[in-house]
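Asks: The following file, upload36.cif, comprises mmCIF, C-alpha atoms:
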```
data_data
#
loop_
_atom_site.group_PDB
_atom_site.id
_atom_site.type_symbol
_atom_site.label_atom_id
_atom_site.label_comp_id
_atom_site.auth_asym_id
_atom_site.auth_seq_id
_atom_site.Cartn_x
_atom_site.Cartn_y
_atom_site.Cartn_z
ATOM 1 C CA MET A 1 -37.696 6.857 -83.920
ATOM 2 C CA LYS A 2 -37.836 10.400 -82.537
ATOM 3 C CA VAL A 3 -41.338 9.906 -81.117
ATOM 4 C CA GLU A 4 -40.330 6.614 -79.486
ATOM 5 C CA LEU A 5 -37.335 8.243 -77.784
ATOM 6 C CA PHE A 6 -39.534 11.139 -76.673
ATOM 7 C CA LEU A 7 -42.005 8.733 -75.077
ATOM 8 C CA CYS A 8 -39.232 6.690 -73.436
ATOM 9 C CA HIS A 9 -37.638 9.803 -71.955
ATOM 10 C CA LEU A 10 -41.006 11.131 -70.797
ATOM 11 C CA ALA A 11 -41.827 7.770 -69.189
ATOM 12 C CA ALA A 12 -38.448 7.817 -67.417
ATOM 13 C CA VAL A 13 -39.188 11.282 -66.003
ATOM 14 C CA LEU A 14 -42.648 10.269 -64.796
ATOM 15 C CA ILE A 15 -41.431 7.028 -63.218
ATOM 16 C CA ALA A 16 -38.535 8.864 -61.540
ATOM 17 C CA ALA A 17 -41.025 11.375 -60.116
ATOM 18 C CA LEU A 18 -43.110 8.488 -58.811
ATOM 19 C CA ALA A 19 -39.985 6.950 -57.248
ATOM 20 C CA LEU A 20 -39.210 10.238 -55.513
ATOM 21 C CA ARG A 21 -42.773 10.528 -54.245
ATOM 22 C CA SER A 22 -42.692 6.973 -52.919
ATOM 23 C CA MET A 23 -39.702 7.896 -50.723
ATOM 24 C CA ARG A 24 -41.879 10.168 -48.561
ATOM 25 C CA TYR A 25 -42.008 7.759 -45.614
ATOM 26 C CA GLU A 26 -38.247 8.111 -45.140
ATOM 27 C CA PHE A 27 -38.149 11.811 -44.391
ATOM 28 C CA THR A 28 -41.492 11.818 -42.561
ATOM 29 C CA GLU A 29 -40.370 8.919 -40.328
ATOM 30 C CA LYS A 30 -43.636 7.038 -40.876
ATOM 31 C CA ALA A 31 -44.076 3.293 -40.781
ATOM 32 C CA ALA A 32 -44.281 1.544 -44.137
ATOM 33 C CA THR A 33 -44.819 -1.996 -45.365
ATOM 34 C CA ARG A 34 -42.145 -4.083 -47.034
ATOM 35 C CA LEU A 35 -43.752 -3.482 -50.421
ATOM 36 C CA GLU A 36 -43.625 0.283 -49.889
ATOM 37 C CA TRP A 37 -39.918 -0.030 -49.072
ATOM 38 C CA ALA A 38 -39.300 -2.112 -52.201
ATOM 39 C CA LEU A 39 -41.187 0.182 -54.589
ATOM 40 C CA PRO A 40 -38.646 3.061 -54.933
ATOM 41 C CA PRO A 41 -35.698 0.814 -55.873
ATOM 42 C CA VAL A 42 -37.844 -1.097 -58.374
ATOM 43 C CA LEU A 43 -38.965 2.157 -59.983
ATOM 44 C CA ALA A 44 -35.379 3.422 -59.939
ATOM 45 C CA VAL A 45 -34.198 0.285 -61.730
ATOM 46 C CA VAL A 46 -36.877 0.821 -64.383
ATOM 47 C CA VAL A 47 -35.750 4.429 -64.879
ATOM 48 C CA ALA A 48 -32.100 3.402 -65.063
ATOM 49 C CA ALA A 49 -32.934 0.650 -67.543
ATOM 50 C CA VAL A 50 -34.791 3.089 -69.775
ATOM 51 C CA LEU A 51 -31.947 5.597 -69.630
ATOM 52 C CA LEU A 52 -29.367 2.897 -70.321
ATOM 53 C CA ILE A 53 -31.305 1.374 -73.209
ATOM 54 C CA VAL A 54 -31.940 4.656 -75.008
ATOM 55 C CA SER A 55 -28.474 6.050 -74.256
ATOM 56 C CA PRO A 56 -26.616 6.947 -77.455
ATOM 57 C CA GLY A 57 -23.259 6.096 -75.870
ATOM 58 C CA LYS A 58 -23.006 2.389 -75.087
ATOM 59 C CA ARG A 59 -20.253 2.239 -72.456
ATOM 60 C CA THR A 60 -20.957 -1.041 -70.729
ATOM 61 C CA GLU A 61 -17.683 -1.024 -68.768
ATOM 62 C CA LEU A 62 -18.541 2.346 -67.200
ATOM 63 C CA TRP A 63 -22.078 1.228 -66.493
ATOM 64 C CA THR A 64 -20.922 -2.025 -64.902
ATOM 65 C CA VAL A 65 -18.485 -0.254 -62.588
ATOM 66 C CA ALA A 66 -21.112 2.351 -61.684
ATOM 67 C CA ILE A 67 -23.728 -0.288 -60.887
ATOM 68 C CA TYR A 68 -21.367 -2.398 -58.764
ATOM 69 C CA ALA A 69 -20.065 0.666 -56.923
ATOM 70 C CA GLY A 70 -23.571 1.976 -56.271
ATOM 71 C CA PHE A 71 -24.712 -1.399 -54.988
ATOM 72 C CA ALA A 72 -21.696 -1.780 -52.674
ATOM 73 C CA ILE A 73 -22.081 1.735 -51.291
ATOM 74 C CA GLY A 74 -25.819 1.191 -50.841
ATOM 75 C CA LEU A 75 -25.181 -2.014 -48.900
ATOM 76 C CA GLY A 76 -22.765 -0.124 -46.648
ATOM 77 C CA VAL A 77 -25.091 2.810 -46.085
ATOM 78 C CA GLY A 78 -27.921 0.432 -45.271
ATOM 79 C CA LEU A 79 -25.899 -0.734 -42.273
ATOM 80 C CA ILE A 80 -25.998 2.669 -40.595
ATOM 81 C CA LEU A 81 -29.759 3.190 -40.832
ATOM 82 C CA LYS A 82 -31.607 3.251 -37.501
ATOM 83 C CA VAL A 83 -34.548 0.890 -37.884
ATOM 84 C CA GLU A 84 -37.603 0.035 -35.812
ATOM 85 C CA GLN A 85 -40.044 -2.690 -36.773
ATOM 86 C CA ASP A 86 -43.489 -3.908 -35.841
ATOM 87 C CA PHE A 87 -42.993 -7.647 -36.270
ATOM 88 C CA ALA A 88 -46.698 -8.471 -36.022
ATOM 89 C CA ARG A 89 -47.867 -5.987 -38.669
ATOM 90 C CA LYS A 90 -44.635 -6.248 -40.708
ATOM 91 C CA LEU A 91 -44.093 -2.492 -40.670
ATOM 92 C CA VAL A 92 -40.673 -0.876 -40.808
ATOM 93 C CA ARG A 93 -39.695 2.634 -39.819
ATOM 94 C CA VAL A 94 -36.387 4.387 -40.317
ATOM 95 C CA HIS A 95 -35.286 7.473 -38.444
ATOM 96 C CA ARG A 96 -35.139 10.476 -40.735
ATOM 97 C CA THR A 97 -32.677 9.940 -43.567
ATOM 98 C CA TRP A 98 -32.000 12.100 -46.569
ATOM 99 C CA ASP A 99 -29.660 9.937 -48.626
ATOM 100 C CA GLY A 100 -32.364 7.848 -50.284
ATOM 101 C CA THR A 101 -34.484 10.887 -51.039
ATOM 102 C CA ILE A 102 -31.492 12.716 -52.476
ATOM 103 C CA ALA A 103 -30.616 9.686 -54.616
ATOM 104 C CA ALA A 104 -34.183 9.539 -55.953
ATOM 105 C CA ALA A 105 -34.122 13.308 -56.595
ATOM 106 C CA LEU A 106 -30.827 12.995 -58.478
ATOM 107 C CA LEU A 107 -32.334 10.193 -60.548
ATOM 108 C CA LEU A 108 -35.252 12.469 -61.408
ATOM 109 C CA LEU A 109 -32.772 15.206 -62.285
ATOM 110 C CA ALA A 110 -30.871 12.812 -64.586
ATOM 111 C CA ALA A 111 -34.083 11.765 -66.324
ATOM 112 C CA LEU A 112 -35.106 15.419 -66.705
ATOM 113 C CA ALA A 113 -31.680 16.304 -68.074
ATOM 114 C CA ARG A 114 -31.925 13.568 -70.695
ATOM 115 C CA PHE A 115 -35.482 14.608 -71.602
ATOM 116 C CA VAL A 116 -34.733 18.318 -71.878
ATOM 117 C CA SER A 117 -31.382 18.036 -73.623
ATOM 118 C CA SER A 118 -32.338 15.327 -76.091
ATOM 119 C CA ASP A 119 -35.994 15.956 -76.817
ATOM 120 C CA LEU A 120 -36.775 19.595 -76.087
ATOM 121 C CA MET A 121 -33.484 21.205 -77.117
ATOM 122 C CA GLY A 122 -32.530 18.685 -79.785
ATOM 123 C CA ARG A 123 -28.934 18.651 -78.568
ATOM 124 C CA GLN A 124 -26.755 15.754 -79.680
ATOM 125 C CA SER A 125 -25.231 13.592 -76.977
ATOM 126 C CA ALA A 126 -21.455 13.391 -76.597
ATOM 127 C CA LYS A 127 -21.971 9.603 -76.425
ATOM 128 C CA TYR A 128 -19.965 9.094 -73.252
ATOM 129 C CA GLY A 129 -22.772 7.225 -71.463
ATOM 130 C CA VAL A 130 -22.209 9.116 -68.214
ATOM 131 C CA LEU A 131 -25.879 9.928 -67.619
ATOM 132 C CA GLY A 132 -26.803 6.268 -67.979
ATOM 133 C CA GLY A 133 -23.965 5.311 -65.645
ATOM 134 C CA ALA A 134 -25.139 7.821 -63.056
ATOM 135 C CA ALA A 135 -28.686 6.474 -63.286
ATOM 136 C CA GLY A 136 -27.390 2.925 -62.858
ATOM 137 C CA PHE A 137 -25.309 3.989 -59.858
ATOM 138 C CA LEU A 138 -28.280 5.658 -58.147
ATOM 139 C CA ALA A 139 -30.661 2.762 -58.821
ATOM 140 C CA ALA A 140 -28.125 0.224 -57.526
ATOM 141 C CA TYR A 141 -27.506 2.431 -54.470
ATOM 142 C CA LEU A 142 -31.209 2.445 -53.617
ATOM 143 C CA CYS A 143 -31.392 -1.332 -54.138
ATOM 144 C CA GLY A 144 -28.408 -1.960 -51.880
ATOM 145 C CA ARG A 145 -29.886 0.181 -49.108
ATOM 146 C CA VAL A 146 -33.213 -1.606 -49.148
ATOM 147 C CA ILE A 147 -31.673 -5.079 -49.323
ATOM 148 C CA THR A 148 -29.529 -4.357 -46.261
ATOM 149 C CA LEU A 149 -32.479 -2.763 -44.503
ATOM 150 C CA ARG A 150 -34.841 -5.626 -45.256
ATOM 151 C CA TYR A 151 -32.619 -8.633 -44.718
ATOM 152 C CA TYR A 152 -30.164 -7.429 -42.086
ATOM 153 C CA LYS A 153 -31.181 -4.325 -40.155
ATOM 154 C CA ALA A 154 -34.917 -5.033 -39.842
ATOM 155 C CA ARG A 155 -34.252 -8.423 -38.286
ATOM 156 C CA GLN A 156 -32.119 -6.788 -35.585
ATOM 157 C CA ALA A 157 -34.501 -3.889 -35.005
ATOM 158 C CA ARG A 158 -36.271 -3.317 -31.757
ATOM 159 C CA HIS A 159 -40.005 -3.956 -31.715
ATOM 160 C CA LEU A 160 -42.308 -0.984 -31.609
ATOM 161 C CA ASP A 161 -46.071 -1.041 -32.035
ATOM 162 C CA MET A 162 -46.892 0.978 -35.160
ATOM 163 C CA VAL A 163 -49.741 1.901 -37.447
ATOM 164 C CA ARG A 164 -49.143 2.100 -41.185
ATOM 165 C CA GLY A 165 -48.606 5.659 -42.386
ATOM 166 C CA GLU A 166 -48.271 7.121 -38.898
ATOM 167 C CA LYS A 167 -45.253 8.178 -36.908
ATOM 168 C CA PRO A 168 -45.136 5.915 -33.836
ATOM 169 C CA LYS A 169 -44.965 7.277 -30.356
ATOM 170 C CA THR A 170 -41.685 6.260 -28.749
ATOM 171 C CA GLU A 171 -41.402 5.710 -25.057
#
```
Can you present the structure in this file as structure tokens?

Replies:
Amino acid sequence: MKVELFLCHLAAVLIAALALRSMRYEFTEKAATRLEWALPPVLAVVVAAVLLIVSPGKRTELWTVAIYAGFAIGLGVGLILKVEQDFARKLVRVHRTWDGTIAAALLLLAALARFVSSDLMGRQSAKYGVLGGAAGFLAAYLCGRVITLRYYKARQARHLDMVRGEKPKTE
């Protein structure tokens, strides 16, 4: 059982690092495809699921509230993003934002905290389920942002000719 938990926690850390890396187009203001926008929330949900499943404290009421709150806040924050889209190439660009990157970094920090405290230090959990709730909140936040961006803001965005992976030249 100890080896399985070690591998689950290690996988959560690696997937969280990949989620953080896949957020690079947000703070570099480069155009990205819809799939590239969907990848970080999907990876964040996987990390949150791993942390919730292996959590020693099963507090489903806390987790449910955290997930709903994160999703609602993410939907709201998605409304204030400044979006440009290339409708022909289906590329989306957001002006520099730090909230998604910070959320992904906090998710990586949560996964690292679980890995270090449980596996490397051998410390027993207090079984409150707070780390799992925080991971659920952050994953739901990222999902809410991208859903609002994809289905609401991108449809209202102004058209701008873009090339994938490049920062477009604005007039």

Asks: Which residues, written as a list in words, have at least one atom at most 8 Å from Ala48 (chain A), with only C-alpha atoms counted and residues fewer than 5 positions away on the same chain left out?

Replies: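 Contacts, with the query itself left out: Gly132, Ala135, Gly136 and Ala139 of chain A.
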
Asks: Would you please work out which residue, of A:Leu62, A:Leu91, A:Leu149, A:Asp86, is nearest to Phe137 (chain A) when using all atoms listed in the file?

Replies: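 Selected residue with least distance to Phe137 (chain A): A:Leu62.
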
Asks: Tell me which of A:Val42, A:Ala134, A:Ala31, A:Ile147 sits closest to Leu106 (chain A), counting only C-alpha atoms.

Replies: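 Looking only at the distances to Leu106 (chain A), the closest residue turns out to be A:Ala134.
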
Asks: Residues around (-34.9, -4.3, -46.1), cut-off 10 Å, counting only C-alpha atoms - what are they as a tab-separated table (two decimals) with C-alpha atoms, keeping the file's coordinate frame?

Replies:
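File point_28.tsv, as written:
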```
chain	number	residue	atom	x	y	z
A	34	ARG	CA	-42.14	-4.08	-47.03
A	35	LEU	CA	-43.75	-3.48	-50.42
A	37	TRP	CA	-39.92	-0.03	-49.07
A	38	ALA	CA	-39.30	-2.11	-52.20
A	78	GLY	CA	-27.92	0.43	-45.27
A	83	VAL	CA	-34.55	0.89	-37.88
A	92	VAL	CA	-40.67	-0.88	-40.81
A	143	CYS	CA	-31.39	-1.33	-54.14
A	144	GLY	CA	-28.41	-1.96	-51.88
A	145	ARG	CA	-29.89	0.18	-49.11
A	146	VAL	CA	-33.21	-1.61	-49.15
A	147	ILE	CA	-31.67	-5.08	-49.32
A	148	THR	CA	-29.53	-4.36	-46.26
A	149	LEU	CA	-32.48	-2.76	-44.50
A	150	ARG	CA	-34.84	-5.63	-45.26
A	151	TYR	CA	-32.62	-8.63	-44.72
A	152	TYR	CA	-30.16	-7.43	-42.09
A	153	LYS	CA	-31.18	-4.32	-40.16
A	154	ALA	CA	-34.92	-5.03	-39.84
A	155	ARG	CA	-34.25	-8.42	-38.29
```

Asks: Would you mind listing what lies within 12 Å of Lys167 (chain A) as a VMD selection string, with all atoms listed in the file counted and same-chain residues fewer than 2 positions away left out?

Replies: chain A and resid 25 to 32 84 91 to 96 160 to 165 169 to 170

Asks: Hey, can I get the axis-aligned box for region 101-117 of chain A? All listed atoms, 6 Å padding on each side, centre and edge lengths in Å to one decimal, as JSON.

Replies:
```
{"center_x": -33.0, "center_y": 13.9, "center_z": -62.3, "size_x": 16.9, "size_y": 20.8, "size_z": 34.6}
```

Asks: Run through the PyMOL selection byres ((chain A and resi 13) around 10) on the given coordinates and return the selected residues as a VMD selection string.

Replies: chain A and resid 7 to 12 14 to 19 47 51 107 to 115

Asks: What does the distance from CA of Pro41 (chain A) to CA of Ala140 (chain A) come to in Å, to one decimal?

Replies: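 Here the two named atoms are 7.8 Å from each other.
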
Asks: From (-34.7, 5.0, -52.1), in the file's coordinates, out to 7 Å: which residues are reached, counting all atoms listed in the file? Answer as a compact mmCIF listing (two decimals) with C-alpha atoms, keeping the file's coordinate frame.

Replies:
```txt
# COMPACT_ATOMS: atom_id res chain seq x y z
CA MET A 23 -39.70 7.90 -50.72
CA PRO A 40 -38.65 3.06 -54.93
CA PRO A 41 -35.70 0.81 -55.87
CA GLY A 100 -32.36 7.85 -50.28
CA THR A 101 -34.48 10.89 -51.04
CA ALA A 103 -30.62 9.69 -54.62
CA ALA A 104 -34.18 9.54 -55.95
CA LEU A 142 -31.21 2.44 -53.62
```

Asks: Between CA of Leu75 (chain A) and CA of Gly57 (chain A), what is the distance, to one decimal in Å?

Replies: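 These atoms are spaced 28.2 Å apart.
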
Asks: One decimal, Å: what's the distance from CA of Ala157 (chain A) over to CA of Tyr141 (chain A), could you say?

Replies: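 The value is 21.6 Å.
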
Asks: Just checking: using only C-alpha atoms, which residue out of A:Leu138, A:Val3, A:Ser117, A:Leu43 ends up closest to Ala72 (chain A)?

Replies: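 Among the listed residues, A:Leu138 lies closest to Ala72 (chain A).
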